[in-house]
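Shown next, in structure tokens, is the structure this report addresses.
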Amino acid sequence: MTKYIFVTGGVVSSVGKGVSVASIGRILKNRNISVSVMKLDPYLNVDPGTMSPYQHGEVFVTKDGGETDLDLGHYERFIDIELTRSSNLTAGQVYLSLISKERRGDFLGGTIQAVSHVTNEIKESIRFLADQTGSDVIVVEVGGTVGDIEGQPFLETIRQIRNEVGRENVFYVHLTLLPYITATQELKTKPTQHSVKELRGSGIQPDAILCRSDYPVPDSIRDKISLFCDVPADAVIPLLTVDTIYRVPLILEEWGLGDLLTKSLGLKSTGGVMDSWGRMVDLMVAPKDKINIAVVGKYVELHDAYISVKEALNHAGLFHEREIEIDWIHAEDIEKEGPEKLLRLASGIVVPGGFGPRGVDGMILTAEYARRRSVPYLGLCLGLQVMVIDYARNVLDLKGANSIEMAEECEHPVVNLMPEQKSITEKGGTMRLGNYPCRLVAGTKAYDAYKMDEVIERHRHRFELNNSYRESLENAGLRASGLSPDGKLVEISEVQGHPFMVGVQFHPEFLSRPGRPHPLVREFIKASIGTFREGDQPALPFSRGNVPWKRNGGMAKPNGEV
Ligand code: GLN
């Protein structure tokens, strides 16, 4: 019998509901309770795949090719599980399914209503995940904030589920914010009281309240919330702003949420000790030498657009005991100011995924700079494609080389639309998505990183390296080091003789875990630690370990070429 923990948010959004849910999952897993997670998104888009990263941040890709909310990334990283598209349900999906059924005539002339047609549809999806995973517990995050109009059918659904599965099998957690008034130096509980009142208006009485706060929460405040919101005082849990999000499971466990959940839901709990997680967090925050990594992209002002990339770099930094200082650089600024100036301090460069022509010239210049100056480079999807374009233009001397995504009529389409993409006209969910195998070529950097013959990675793209140019690129030193098993698709390319210049058509960042960095990112950071360039002086993190000015590969020639 699956139990359910429903997590709602009050007062304001963006106070860390996703991280709280991921942390609840982590503490349950540590108690040997099997857990899966689901995010309910009340917006009307079918999925975030077609939404602007400015609106929605990163699109997290699941193994089965779901384009989902970035919170699923937190869930996977914290709990160390792999989710599927069933873990993200949007109102758009609910209505699309319902209206398709109506058009098919499934309702035999009946009137379709919010209750119970919409609510049943939501319930079915939650039940489906429970059946599919067979987990002891499903933690369900309701996106948005209590009081949002579009969230109402979702709240109504989670209210109904309690009666259906039995009160003892459901636990409601409400996350709120305690604002701090500087003038009077006090935390205020009124917004929390109002938000709980609103939640009760939907028929839901929270069993625990997590109170986000920038300041310590005195017992008097907890007592007040307990009194006004009718929640036991020990179920009012302060969640202070922390140095790293990975500390949140420790805090929740320390405040007794693990015990409260297992007791209330009658779960058999063994273990529960967070020692190794705690040691990992201690290492994360321990003072470390810094290493400067430039991320050159299109949406860099919004770090959420690259959240898995950021986390993957941090995980690799943790492995090498380095603090990763990310320099977020706008690709368009590289076009205006040139790479020399903006990338001077970077010990390593990442060009992450992206779509459309804006900023691409800056990314190509970035790849050229990394290649000529022997700066370690990791290209993720579009980052691989710009690397190929630079190589074709500047090493093969094919000046008209481009991706047909950027210039449809270009003279040398070195990055081409994949054949199966040619007939596709619909935008939503039609890319090459999710897990595909990749065979590694022995004797390459990629192989050395993975030390495996075949790996499985997650994808999200329409374009690929054009096979007509593969041989000439290989002959000129751009080696295909990972291929699809049929050999038709280049999945990884690397520049021979460079300390580390590897581009991948997939997204390794989605598979990175705090205690288990992705092999390619790990090796990229290792190479970056080994980088030293003129201009990189002691302010840079080279006080520890091996002689830093010894590169992993050969030094650049005086003209800057590798
Ligand atoms: N726009 C490129 C493509 O569709 C790259 C995609 C990506 O970076 N995720 O192939």
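Chain identifiers are assigned as A, B, and so on, following the order in which chains appear in the structure tokens; residues are numbered from 1 within each chain, and ligands are numbered from 1 in order of appearance.
Considering only C-alpha atoms and all ligand atoms, the residues that reside within 8 Å of ligand 1 can be listed as Pro352, Gly353, Gly354, Phe355, Gly356, Leu380, Cys381, Leu382, Gly383, Gln385, Glu405, Leu417, Met431, His459, Arg460, His461, Arg462, Phe463, Glu464, Gln505, Phe506 and His507 of chain A.
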Discussion item. List as a ChimeraX atom specification the protein and nucleic acid residues near A:Ala130, meaning an atom at most 10 Å away when only C-alpha atoms are counted, but skip any in the same chain fewer than 5 places from it.
Written reply: /A:1-4,35-38,86,124-125,135-138
Practice prompt. Using DSSP on the backbone coordinates, identify all residues within stretch 196-234 of chain A classified as strand (DSSP E or B); present the result as a ChimeraX atom specification.
Written response: /A:208-213
List as CSV every residue of stretch 163-252 of chain A that is in contact with stretch 266-273 of chain A, defined as an atom at most 12 Å from one of its atoms (using only C-alpha atoms), together with the nearest atom pair and the distance in Å rounded to one decimal, sorted by chain and then rising number.
```
residue,atom,partner,partner_atom,distance
A:Arg167,CA,A:Gly266,CA,11.5
A:Glu168,CA,A:Gly266,CA,7.7
A:Asn169,CA,A:Gly266,CA,7.9
A:Val170,CA,A:Gly266,CA,10.4
A:Phe171,CA,A:Gly266,CA,11.0
A:Pro249,CA,A:Gly272,CA,11.0
A:Leu250,CA,A:Val273,CA,9.6
A:Leu252,CA,A:Gly272,CA,11.7
```
Discussion item. Using only C-alpha atoms for the distances, tell me which of A:Gly25, A:Pro216, A:Gly348, A:Gly10 is nearest to A:Tyr369.
Written reply: A:Gly348
Fill in: Long-range neighbours of stretch 486-497 of chain A as an NGL selection string, 10 Å cut-off, only C-alpha atoms, 6 positions minimum in chain
:A and (371 or 374 or 377-381 or 384-385 or 387-388 or 391 or 418 or 436-441 or 444-446 or 457 or 459 or 464-467 or 470 or 473-474 or 476-480 or 503-506 or 553-555 or 562)
Discussion item. Could you go through stretch 222-357 of chain A and tell me which residues DSSP, when run on the backbone, assigns to alpha helix (DSSP H), listing them as a PyMOL selection string?
Written reply: chain A and resi 222-229+248-254+257-265+275-285+307-319+331-337+339-342
Discussion item. Need to verify the contact set: stretch 511-526 of chain A, 10 Å, only C-alpha atoms, exclusion of same-chain residues closer than 5 positions in sequence. Can you return it as a PyMOL selection string?
Written reply: chain A and resi 62-63+73-74+76-82+246+276-277+280-281+284+291+293+308-309+311-320+322+324+347-350+376-378+445-451+456-458+499-504+531+552
Export of the given selection (C-alpha atoms) as a tab-separated table (two decimals), in the first residue's frame:
```tsv
chain	number	residue	atom	x	y	z
A	62	THR	CA	14.29	12.00	-17.96
A	63	LYS	CA	15.69	8.68	-19.17
A	73	GLY	CA	16.81	17.27	-11.29
A	74	HIS	CA	16.85	18.04	-7.56
A	76	GLU	CA	17.24	12.70	-8.89
A	77	ARG	CA	20.38	14.26	-7.43
A	78	PHE	CA	19.24	14.18	-3.80
A	79	ILE	CA	17.59	10.79	-3.77
A	80	ASP	CA	19.89	9.22	-6.35
A	81	ILE	CA	17.05	7.76	-8.38
A	82	GLU	CA	16.12	7.89	-12.03
A	246	TYR	CA	22.47	19.65	0.27
A	276	SER	CA	27.81	9.88	5.29
A	277	TRP	CA	25.56	12.58	3.81
A	280	MET	CA	29.74	14.96	2.27
A	281	VAL	CA	28.12	18.29	3.17
A	284	MET	CA	31.28	20.66	0.31
A	291	ILE	CA	39.09	27.15	-9.76
A	293	ILE	CA	35.36	27.87	-14.89
A	308	SER	CA	22.23	20.74	-13.77
A	309	VAL	CA	25.42	22.01	-15.41
A	311	GLU	CA	25.50	21.17	-10.01
A	312	ALA	CA	27.55	18.76	-12.14
A	313	LEU	CA	30.52	21.15	-12.03
A	314	ASN	CA	30.17	21.44	-8.26
A	315	HIS	CA	30.02	17.67	-7.85
A	316	ALA	CA	33.22	17.30	-9.88
A	317	GLY	CA	34.79	20.12	-7.85
A	318	LEU	CA	33.92	18.30	-4.65
A	319	PHE	CA	35.62	15.19	-5.99
A	320	HIS	CA	38.82	17.12	-6.71
A	322	ARG	CA	38.21	22.44	-5.46
A	324	ILE	CA	34.22	25.83	-8.57
A	347	SER	CA	40.99	27.55	-16.28
A	348	GLY	CA	38.30	25.63	-18.09
A	349	ILE	CA	35.42	26.51	-20.40
A	350	VAL	CA	31.97	24.99	-20.76
A	376	PRO	CA	40.18	22.60	-21.29
A	377	TYR	CA	36.79	22.71	-22.95
A	378	LEU	CA	33.62	20.73	-22.41
A	445	LYS	CA	39.89	10.90	-23.67
A	446	ALA	CA	36.26	9.88	-23.56
A	447	TYR	CA	37.14	6.22	-23.14
A	448	ASP	CA	39.71	7.04	-20.49
A	449	ALA	CA	37.10	8.98	-18.54
A	450	TYR	CA	34.40	6.31	-18.59
A	451	LYS	CA	36.60	3.24	-18.83
A	456	ILE	CA	23.96	5.33	-21.90
A	457	GLU	CA	23.33	9.05	-21.85
A	458	ARG	CA	20.36	11.40	-22.09
A	499	PRO	CA	44.74	18.78	-23.00
A	500	PHE	CA	40.96	18.25	-22.94
A	501	MET	CA	38.62	19.40	-25.65
A	502	VAL	CA	35.63	17.13	-25.65
A	503	GLY	CA	32.17	17.78	-27.02
A	504	VAL	CA	29.19	15.53	-26.43
A	531	THR	CA	45.86	24.33	-16.70
A	552	ASN	CA	47.84	17.54	-18.75
```
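Neighbouring residues of A:Tyr180 at 12 Å or closer, counting only C-alpha atoms and skipping chain neighbours under 2 positions away, are Leu177, Leu178, Thr182, Ala183, Thr184, Gln185, Glu186, Leu187, Lys188, Thr189, Lys190, Pro191, Arg212, Ser213, Asp214, Tyr215, Pro216 and Val217 of chain A.
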Writer output for current selection, N, CA, C and O atoms, as a short mmCIF file (atom, residue, chain, number, x, y, z; two decimals), in the first residue's frame:
```
data_model
loop_
_atom_site.label_atom_id
_atom_site.label_comp_id
_atom_site.auth_asym_id
_atom_site.auth_seq_id
_atom_site.Cartn_x
_atom_site.Cartn_y
_atom_site.Cartn_z
N LEU A 177 7.02 31.07 4.13
CA LEU A 177 8.14 31.98 4.38
C LEU A 177 7.80 32.88 5.56
O LEU A 177 6.68 33.39 5.66
N LEU A 178 8.76 33.07 6.46
CA LEU A 178 8.56 34.03 7.55
C LEU A 178 9.34 35.30 7.19
O LEU A 178 10.57 35.32 7.28
N THR A 182 12.93 44.49 9.27
CA THR A 182 14.19 45.03 9.78
C THR A 182 13.94 46.07 10.88
O THR A 182 14.62 46.08 11.90
N ALA A 183 12.95 46.95 10.67
CA ALA A 183 12.73 48.05 11.62
C ALA A 183 12.47 47.52 13.04
O ALA A 183 13.01 48.04 14.01
N THR A 184 11.65 46.48 13.13
CA THR A 184 11.32 45.96 14.46
C THR A 184 12.13 44.70 14.80
O THR A 184 11.99 44.15 15.89
N GLN A 185 12.95 44.30 13.86
CA GLN A 185 13.80 43.11 14.03
C GLN A 185 13.00 41.88 14.46
O GLN A 185 13.33 41.23 15.46
N GLU A 186 11.97 41.61 13.74
CA GLU A 186 11.20 40.41 14.09
C GLU A 186 10.70 39.66 12.87
O GLU A 186 10.52 40.24 11.80
N LEU A 187 10.51 38.38 13.07
CA LEU A 187 9.93 37.54 12.03
C LEU A 187 8.42 37.60 12.17
O LEU A 187 7.89 37.65 13.28
N LYS A 188 7.73 37.59 11.04
CA LYS A 188 6.26 37.70 11.09
C LYS A 188 5.60 36.37 10.68
O LYS A 188 6.02 35.72 9.73
N THR A 189 4.57 36.02 11.42
CA THR A 189 3.89 34.76 11.14
C THR A 189 2.58 34.95 10.38
O THR A 189 1.96 33.99 9.94
N LYS A 190 2.15 36.21 10.27
CA LYS A 190 0.81 36.44 9.68
C LYS A 190 0.66 35.86 8.28
O LYS A 190 -0.35 35.20 7.98
N PRO A 191 1.66 36.06 7.36
CA PRO A 191 1.49 35.47 6.03
C PRO A 191 1.32 33.94 6.10
O PRO A 191 0.54 33.37 5.33
N ARG A 212 10.47 28.65 6.00
CA ARG A 212 11.71 29.22 5.47
C ARG A 212 11.95 30.57 6.11
O ARG A 212 11.03 31.38 6.28
N SER A 213 13.21 30.81 6.48
CA SER A 213 13.51 32.07 7.14
C SER A 213 14.98 32.39 6.95
O SER A 213 15.82 31.48 6.87
N ASP A 214 15.29 33.68 6.87
CA ASP A 214 16.69 34.08 6.78
C ASP A 214 17.30 34.24 8.17
O ASP A 214 18.49 34.48 8.31
N TYR A 215 16.48 34.16 9.20
CA TYR A 215 16.95 34.38 10.57
C TYR A 215 16.47 33.24 11.47
O TYR A 215 15.45 32.62 11.20
N PRO A 216 17.19 33.01 12.58
CA PRO A 216 16.76 31.94 13.50
C PRO A 216 15.33 32.17 13.97
O PRO A 216 14.90 33.30 14.19
N VAL A 217 14.60 31.07 14.08
CA VAL A 217 13.18 31.15 14.46
C VAL A 217 13.05 30.81 15.95
O VAL A 217 13.28 29.66 16.34
#
```
